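Text of the file run-v4.txt, holding compact mmCIF, C-alpha atoms and all ligand atoms:
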```txt
# COMPACT_ATOMS: atom_id res chain seq x y z
CA MET E 1 0.00 0.00 0.00
CA PRO E 2 2.74 2.57 0.82
CA ASP E 3 4.40 1.73 -2.53
CA GLU E 4 1.05 2.05 -4.34
CA ARG E 5 0.49 5.41 -2.68
CA ALA E 6 3.96 6.61 -3.67
CA ALA E 7 3.34 5.45 -7.26
CA ALA E 8 -0.05 7.21 -7.38
CA LEU E 9 1.49 10.43 -6.05
CA ALA E 10 4.27 10.19 -8.65
CA ALA E 11 1.68 9.64 -11.43
CA LEU E 12 -0.21 12.70 -10.18
CA ALA E 13 3.02 14.73 -10.30
CA VAL E 14 3.36 13.82 -14.00
CA GLU E 15 -0.22 15.04 -14.62
CA ILE E 16 0.52 18.26 -12.74
CA GLU E 17 3.64 18.90 -14.85
CA ALA E 18 1.55 18.47 -18.04
CA CYS E 19 -1.34 20.65 -16.80
CA ARG E 20 -2.21 23.85 -18.70
CA ALA E 21 -5.65 24.36 -17.16
CA CYS E 22 -4.71 27.94 -16.20
CA PRO E 23 -2.15 30.41 -17.60
CA LEU E 24 0.36 29.67 -14.80
CA GLY E 25 1.15 26.33 -16.47
CA SER E 26 2.72 28.10 -19.45
CA GLN E 27 4.48 30.78 -17.41
CA ARG E 28 6.37 28.78 -14.80
CA THR E 29 9.73 27.01 -15.17
CA GLN E 30 8.55 23.77 -13.62
CA SER E 31 5.61 22.65 -11.54
CA VAL E 32 5.97 22.02 -7.81
CA PRO E 33 3.70 19.07 -7.00
CA GLY E 34 4.98 18.56 -3.44
CA GLU E 35 7.17 15.99 -1.73
CA GLY E 36 7.76 14.03 1.44
CA SER E 37 6.84 10.73 2.99
CA PRO E 38 3.75 9.15 1.37
CA ASN E 39 2.92 7.89 4.87
CA ALA E 40 3.41 11.20 6.66
CA GLU E 41 1.13 11.92 9.60
CA LEU E 42 1.69 15.65 9.15
CA LEU E 43 0.92 17.47 5.89
CA LEU E 44 2.01 21.09 5.61
CA VAL E 45 0.19 23.11 2.94
CA GLY E 46 1.62 26.33 1.56
CA GLU E 47 0.13 28.81 -0.86
CA ALA E 48 2.09 28.64 -4.13
CA PRO E 49 5.70 28.20 -5.25
CA GLY E 50 8.03 31.21 -5.26
CA ALA E 51 11.09 31.81 -7.46
CA HIS E 52 13.34 29.28 -5.65
CA GLU E 53 10.67 26.58 -5.76
CA ASP E 54 9.94 27.30 -9.43
CA ALA E 55 13.64 26.79 -10.22
CA ALA E 56 14.01 23.67 -8.06
CA GLY E 57 10.62 22.02 -8.68
CA ARG E 58 10.43 21.47 -4.90
CA PRO E 59 8.32 23.20 -2.23
CA PHE E 60 9.72 25.51 0.44
CA VAL E 61 13.38 25.56 -0.57
CA GLY E 62 13.94 29.33 0.02
CA ALA E 63 14.17 31.34 3.22
CA ALA E 64 10.64 30.40 4.35
CA GLY E 65 11.59 26.75 3.83
CA LYS E 66 14.65 27.13 6.05
CA LEU E 67 12.45 28.51 8.81
CA LEU E 68 9.98 25.68 8.21
CA ASP E 69 12.80 23.15 8.69
CA LEU E 70 13.80 24.83 11.93
CA LEU E 71 10.21 24.82 13.20
CA LEU E 72 9.89 21.11 12.38
CA SER E 73 13.14 20.39 14.21
CA LEU E 74 11.63 21.97 17.35
CA ILE E 75 9.21 19.04 17.50
CA GLY E 76 11.74 16.38 16.49
CA LEU E 77 10.72 16.17 12.83
CA GLN E 78 12.64 16.45 9.60
CA ARG E 79 11.35 17.12 6.09
CA PRO E 80 11.46 13.46 4.90
CA GLN E 81 9.07 12.51 7.74
CA VAL E 82 6.34 14.96 6.71
CA TYR E 83 4.71 15.90 3.39
CA VAL E 84 4.84 19.44 2.03
CA LEU E 85 2.81 20.79 -0.87
CA ASN E 86 1.08 23.95 -2.06
CA VAL E 87 -2.53 24.78 -2.91
CA VAL E 88 -1.34 26.05 -6.32
CA LYS E 89 1.35 24.01 -8.04
CA CYS E 90 2.80 26.62 -10.42
CA ARG E 91 4.46 29.91 -9.55
CA PRO E 92 2.34 33.05 -10.01
CA PRO E 93 4.48 35.70 -11.76
CA GLU E 94 6.16 38.28 -9.50
CA ASN E 95 5.06 36.20 -6.51
CA ARG E 96 1.58 37.71 -6.65
CA ASP E 97 -1.25 35.94 -4.84
CA PRO E 98 -2.87 33.23 -6.95
CA GLU E 99 -6.18 34.27 -8.57
CA PRO E 100 -9.37 32.44 -7.50
CA THR E 101 -9.56 30.92 -11.02
CA GLU E 102 -6.00 29.54 -10.63
CA ILE E 103 -6.83 28.09 -7.21
CA ALA E 104 -9.97 26.52 -8.68
CA ALA E 105 -8.00 25.07 -11.63
CA CYS E 106 -5.62 23.36 -9.16
CA ALA E 107 -8.25 22.27 -6.60
CA GLY E 108 -8.71 18.82 -8.16
CA PHE E 109 -5.00 18.05 -7.74
CA LEU E 110 -5.08 19.11 -4.08
CA GLU E 111 -8.17 16.99 -3.49
CA ARG E 112 -6.57 13.91 -5.04
CA GLN E 113 -3.33 14.42 -3.09
CA LEU E 114 -5.30 14.66 0.17
CA ALA E 115 -7.29 11.53 -0.68
CA LEU E 116 -4.04 9.62 -1.29
CA LEU E 117 -2.13 10.96 1.71
CA GLN E 118 -4.96 10.82 4.30
CA PRO E 119 -2.78 12.60 6.87
CA VAL E 120 -3.52 12.71 10.60
CA ILE E 121 -3.00 16.49 10.68
CA ILE E 122 -3.13 19.05 7.90
CA ALA E 123 -1.43 22.33 8.78
CA PRO E 124 -2.42 25.07 6.31
CA LEU E 125 0.36 27.68 6.41
CA GLY E 126 -1.07 31.18 6.36
CA ARG E 127 -4.36 32.72 5.34
CA HIS E 128 -4.34 31.75 1.68
CA ALA E 129 -3.80 28.06 2.38
CA LEU E 130 -6.31 28.17 5.24
CA ARG E 131 -8.92 29.54 2.83
CA ALA E 132 -8.70 26.36 0.75
CA PHE E 133 -9.96 24.40 3.77
CA ALA E 134 -12.03 26.90 5.72
CA PRO E 135 -13.00 29.84 3.45
CA ASP E 136 -14.40 32.03 6.24
CA ALA E 137 -11.71 31.41 8.87
CA LYS E 138 -9.17 34.06 9.87
CA ILE E 139 -5.60 32.90 10.42
CA SER E 140 -5.17 35.43 13.27
CA GLU E 141 -7.98 33.64 15.15
CA ALA E 142 -7.51 30.03 13.99
CA HIS E 143 -3.73 29.58 14.31
CA GLY E 144 -2.21 27.29 16.93
CA ALA E 145 -5.20 25.04 17.70
CA PRO E 146 -7.20 22.24 16.08
CA PHE E 147 -9.78 23.95 13.87
CA GLN E 148 -13.26 23.48 15.24
CA GLY E 149 -15.41 24.85 12.44
CA ALA E 150 -16.64 23.25 9.24
CA THR E 151 -13.97 22.51 6.66
CA ARG E 152 -13.96 21.39 3.06
CA GLN E 153 -11.40 19.21 1.30
CA THR E 154 -10.30 17.74 4.68
CA PRO E 155 -10.39 13.90 4.64
CA ALA E 156 -12.62 12.25 7.28
CA GLY E 157 -10.83 11.99 10.62
CA THR E 158 -8.07 14.42 9.66
CA THR E 159 -7.49 17.30 12.06
CA LEU E 160 -6.94 20.75 10.57
CA PHE E 161 -4.34 22.73 12.54
CA PRO E 162 -3.69 26.18 11.00
CA LEU E 163 -0.31 27.87 11.43
CA TYR E 164 1.02 31.25 10.35
CA HIS E 165 3.04 31.09 7.15
CA PRO E 166 6.80 31.03 7.90
CA ALA E 167 7.25 33.93 5.43
CA ALA E 168 4.93 36.01 7.63
CA ALA E 169 7.32 35.46 10.55
CA LEU E 170 10.25 36.48 8.33
CA HIS E 171 8.48 39.75 7.48
CA ASN E 172 7.24 40.35 11.00
CA GLY E 173 9.65 38.98 13.63
CA ALA E 174 7.01 39.40 16.33
CA LEU E 175 5.15 36.41 14.85
CA ARG E 176 8.09 34.04 15.25
CA PRO E 177 7.61 33.20 18.97
CA THR E 178 3.92 32.62 18.20
CA LEU E 179 4.81 30.26 15.36
CA GLU E 180 7.25 28.38 17.61
CA ARG E 181 4.62 28.09 20.35
CA ASP E 182 2.05 26.93 17.81
CA MET E 183 4.43 24.18 16.60
CA GLY E 184 4.63 22.90 20.18
CA ALA E 185 0.84 22.97 20.40
CA LEU E 186 0.64 20.98 17.16
CA ALA E 187 2.96 18.29 18.59
CA ARG E 188 0.79 18.11 21.71
CA ALA E 189 -2.36 17.81 19.57
CA LEU E 190 -0.95 14.85 17.63
CA PRO E 191 -1.96 12.01 20.03
CA ALA E 192 -5.62 13.07 20.12
CA ALA E 193 -5.55 13.64 16.34
CA ARG E 194 -4.19 10.10 15.87
CA SER E 195 -7.06 8.68 17.91
CA THR E 196 -9.62 10.64 15.87
CA TRP E 197 -7.96 9.47 12.66
CA ARG E 198 -7.96 5.79 13.70
CA VAL E 199 -11.59 5.88 14.80
CA ALA E 200 -12.61 7.47 11.47
CA ARG E 201 -10.86 4.65 9.60
CA GLY E 202 -12.49 1.95 11.68
CA GLY E 203 -9.09 0.87 13.06
CA ALA E 204 -10.32 1.68 16.52
CA GLY E 205 -13.96 1.32 15.61
CA GLU E 206 -14.50 -1.43 18.14
CA ALA E 207 -12.08 -0.01 20.68
CA SER E 208 -13.35 1.24 23.99
CA LEU E 209 -12.64 4.78 25.06
CA SER E 210 -10.05 3.51 27.53
CA GLU E 211 -8.22 1.69 24.72
CA ILE E 212 -8.21 4.87 22.66
CA GLU E 213 -6.93 6.85 25.64
CA ALA E 214 -4.22 4.24 26.30
CA ALA E 215 -3.13 4.46 22.65
CA ALA E 216 -3.06 8.25 22.92
CA GLU E 217 -0.87 8.00 26.04
CA ARG E 218 1.53 5.65 24.26
CA ASP E 219 1.68 8.09 21.35
CA GLN E 220 2.40 10.94 23.75
CA LEU E 221 5.25 8.94 25.27
CA ARG E 222 6.68 8.18 21.83
CA LEU E 223 6.48 11.86 20.96
CA PHE E 224 8.32 12.91 24.15
CA GLU E 225 10.97 10.29 23.45
CA SER E 226 11.49 11.56 19.90
CA GLU E 227 11.52 15.16 21.16
CA ALA E 228 14.19 14.27 23.72
CA GLN E 229 16.50 12.80 21.05
N1 LIG V 1 5.74 29.81 0.05
C1 LIG V 1 4.79 28.91 -0.20
O1 LIG V 1 3.62 29.13 0.13
N2 LIG V 1 5.12 27.78 -0.80
C2 LIG V 1 6.37 27.49 -1.15
O2 LIG V 1 6.61 26.40 -1.69
C3 LIG V 1 7.37 28.44 -0.87
C4 LIG V 1 7.04 29.60 -0.27
```
For this file, produce the structure as structure tokens.
Ligand code: URA
Amino acid sequence: MPDERAAALAALAVEIEACRACPLGSQRTQSVPGEGSPNAELLLVGEAPGAHEDAAGRPFVGAAGKLLDLLLSLIGLQRPQVYVLNVVKCRPPENRDPEPTEIAACAGFLERQLALLQPVIIAPLGRHALRAFAPDAKISEAHGAPFQGATRQTPAGTTLFPLYHPAAALHNGALRPTLERDMGALARALPAARSTWRVARGGAGEASLSEIEAAAERDQLRLFESEAQ
């Protein structure tokens, strides 16, 4: 199954590279479908590739990506353990915000990636990515906690956990401690999110609440152990 998932994600990346459904497809250097572990529990979703990503064909390889790596390291994670992708797969010229029509043209790819990855937690990075999941939510209110409102695109059992975009913290240093705190909160939310995810998939469908809580405690322990390393 992991190999099948990796193959399906790779096939989707080929489709994305060939896509010309909006003008961005003809303007970019290369598409940026996303990358990471096909079995990642944590999926980080950015807005759209910038110049560095357009040149490399990989997400978050510029300054914001370096900060993202550092934030992940705070909770004992490295890039190959998570999955990183963008709502829009091709770079908008001059790094402008993607147009609603461009987001709509790419929405099917995002939907299929989410259906394949089925992550435990999706962390939309910043307001534009958050809008793809919760159109009316404000990042200033929703960051740093599991999102409680209605969402779209989110697979059943997946927890949405919005974060500020790392680029926002590069522009406004005052946001950086908030982003670091929010990363810690995300790590602490993981055990409960895993339980929700398992129940939704029927893995713990027959489990009693105490079994779910015991599993969550074990997860918490594992997390502390990996954080201590
Ligand atoms: N910002 C994004 O939203 N995505 C990237 O891949 C890089 C910067």
> Quick one: residues within 10 Å of ligand LIG 1 (chain V), with only C-alpha atoms and all ligand atoms, as an NGL selection string?
Replying inline: :E and (32-34 or 44-54 or 57-65 or 68 or 84-91 or 95 or 97 or 124-126 or 128-129 or 165-168)
>> With distances taken over all atoms listed in the file, which residue among E:Ala174, E:Ala40, E:Ala104, E:Ile122 lies nearest E:Arg79?
In response: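 Looking at the shortest contact to E:Arg79, the residue is E:Ala40.
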> Out of E:Leu130, E:Ala10, E:Leu24, E:Ala137, which residue has the shortest atom-to-atom distance to E:Pro93 when counting all atoms listed in the file?
Replying inline: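 Of E:Leu130, E:Ala10, E:Leu24, E:Ala137, the one nearest E:Pro93, counting all atoms listed in the file, is E:Leu24.
Atom pair atom CA of E:Pro162 / atom CA of E:Cys19 has a distance of 28.4 Å (rounded to one decimal).
Here atom CA of E:Asn39 and atom CA of E:Leu179 stand 24.8 Å from one another.
Of the listed residues (E:Asp69, E:Glu99, E:Glu35, E:Glu111), E:Glu35 comes nearest to E:Tyr83; the distances count all atoms listed in the file.
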> Quick one: residues within 10 Å of E:Ala150, only C-alpha atoms counted, chain neighbours fewer than 3 positions away excluded, as a PyMOL selection string?
Replying inline: chain E and resi 133-137+147+154
Could you dump the residues just selected with C-alpha atoms as a PDB file, in the coordinates of the input?
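Wrote selection_37.pdb, looks like this:
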```
ATOM      1  CA  PHE E 133      -9.960  24.400   3.770  1.00  0.00           C
ATOM      2  CA  ALA E 134     -12.030  26.900   5.720  1.00  0.00           C
ATOM      3  CA  PRO E 135     -13.000  29.840   3.450  1.00  0.00           C
ATOM      4  CA  ASP E 136     -14.400  32.030   6.240  1.00  0.00           C
ATOM      5  CA  ALA E 137     -11.710  31.410   8.870  1.00  0.00           C
ATOM      6  CA  PHE E 147      -9.780  23.950  13.870  1.00  0.00           C
ATOM      7  CA  THR E 154     -10.300  17.740   4.680  1.00  0.00           C
TER       8      THR E 154
END
```
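Across the model, the gap from atom CA of E:Asp3 to atom CA of E:Arg152 is 27.5 Å.
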> Using all atoms listed in the file, which residues sit within 8 Å of E:Arg127 once same-chain residues fewer than 5 positions away are excluded, as a ChimeraX atom specification?
Replying inline: /E:138-139,164-165
> Counting all atoms listed in the file, what is within 12 Å of E:Glu4, bar same-chain residues fewer than 5 positions away, as a ChimeraX atom specification?
Replying inline: /E:9-11,38-39,116-117
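Distance annotation: of E:Gly144, E:Gly184, E:Gly203, E:Pro119, the residue with the minimal separation from E:Ala156 is E:Pro119; atom set is all atoms listed in the file.
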> Between E:Gln30, E:Ser73, E:Thr101, E:Gln118, which has the minimum distance to E:Ala187 (counting only C-alpha atoms)?
Replying inline: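 So, comparing all the options, the nearest one is E:Ser73.
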>> (-5.3, 10.5, 15.2) in this file's frame - what residues fall within 10 Å of it? Use all atoms listed in the file and give the answer as a list in words.
In response: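 All residues meeting the 10 Å criterion around (-5.3, 10.5, 15.2) are Glu41, Pro119, Val120, Ile121, Gly157, Thr158, Thr159, Ala189, Leu190, Pro191, Ala192, Ala193, Arg194, Ser195, Thr196, Trp197, Arg198, Val199, Ala200, Arg201, Ile212, Ala215, Ala216 and Asp219 of chain E.
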>> Need the shell around E:Gln153: protein/DNA/RNA residues with any atom at most 10 Å away, counting all atoms listed in the file. Skip same-chain ones fewer than 5 positions apart. Format as a VMD selection string?
In response: chain E and resid 107 to 108 110 to 112 114 to 115 132 to 134
Could you work out an axis-aligned box for stretch 98-114 of chain E, taking every atom the file lists and adding 8 Å on each side, and report centre and edge lengths in Å to one decimal, as lines of an AutoDock Vina configuration file?
```
center_x = -6.4
center_y = 24.1
center_z = -5.7
size_x = 23.1
size_y = 36.4
size_z = 27.8
```
>> Here is a test: counting only C-alpha atoms, which residue of E:Leu175, E:Asp182, E:Arg131, E:Ala6 is nearest to E:Pro100?
In response: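 Ranked by minimum distance to E:Pro100, first place goes to E:Arg131.
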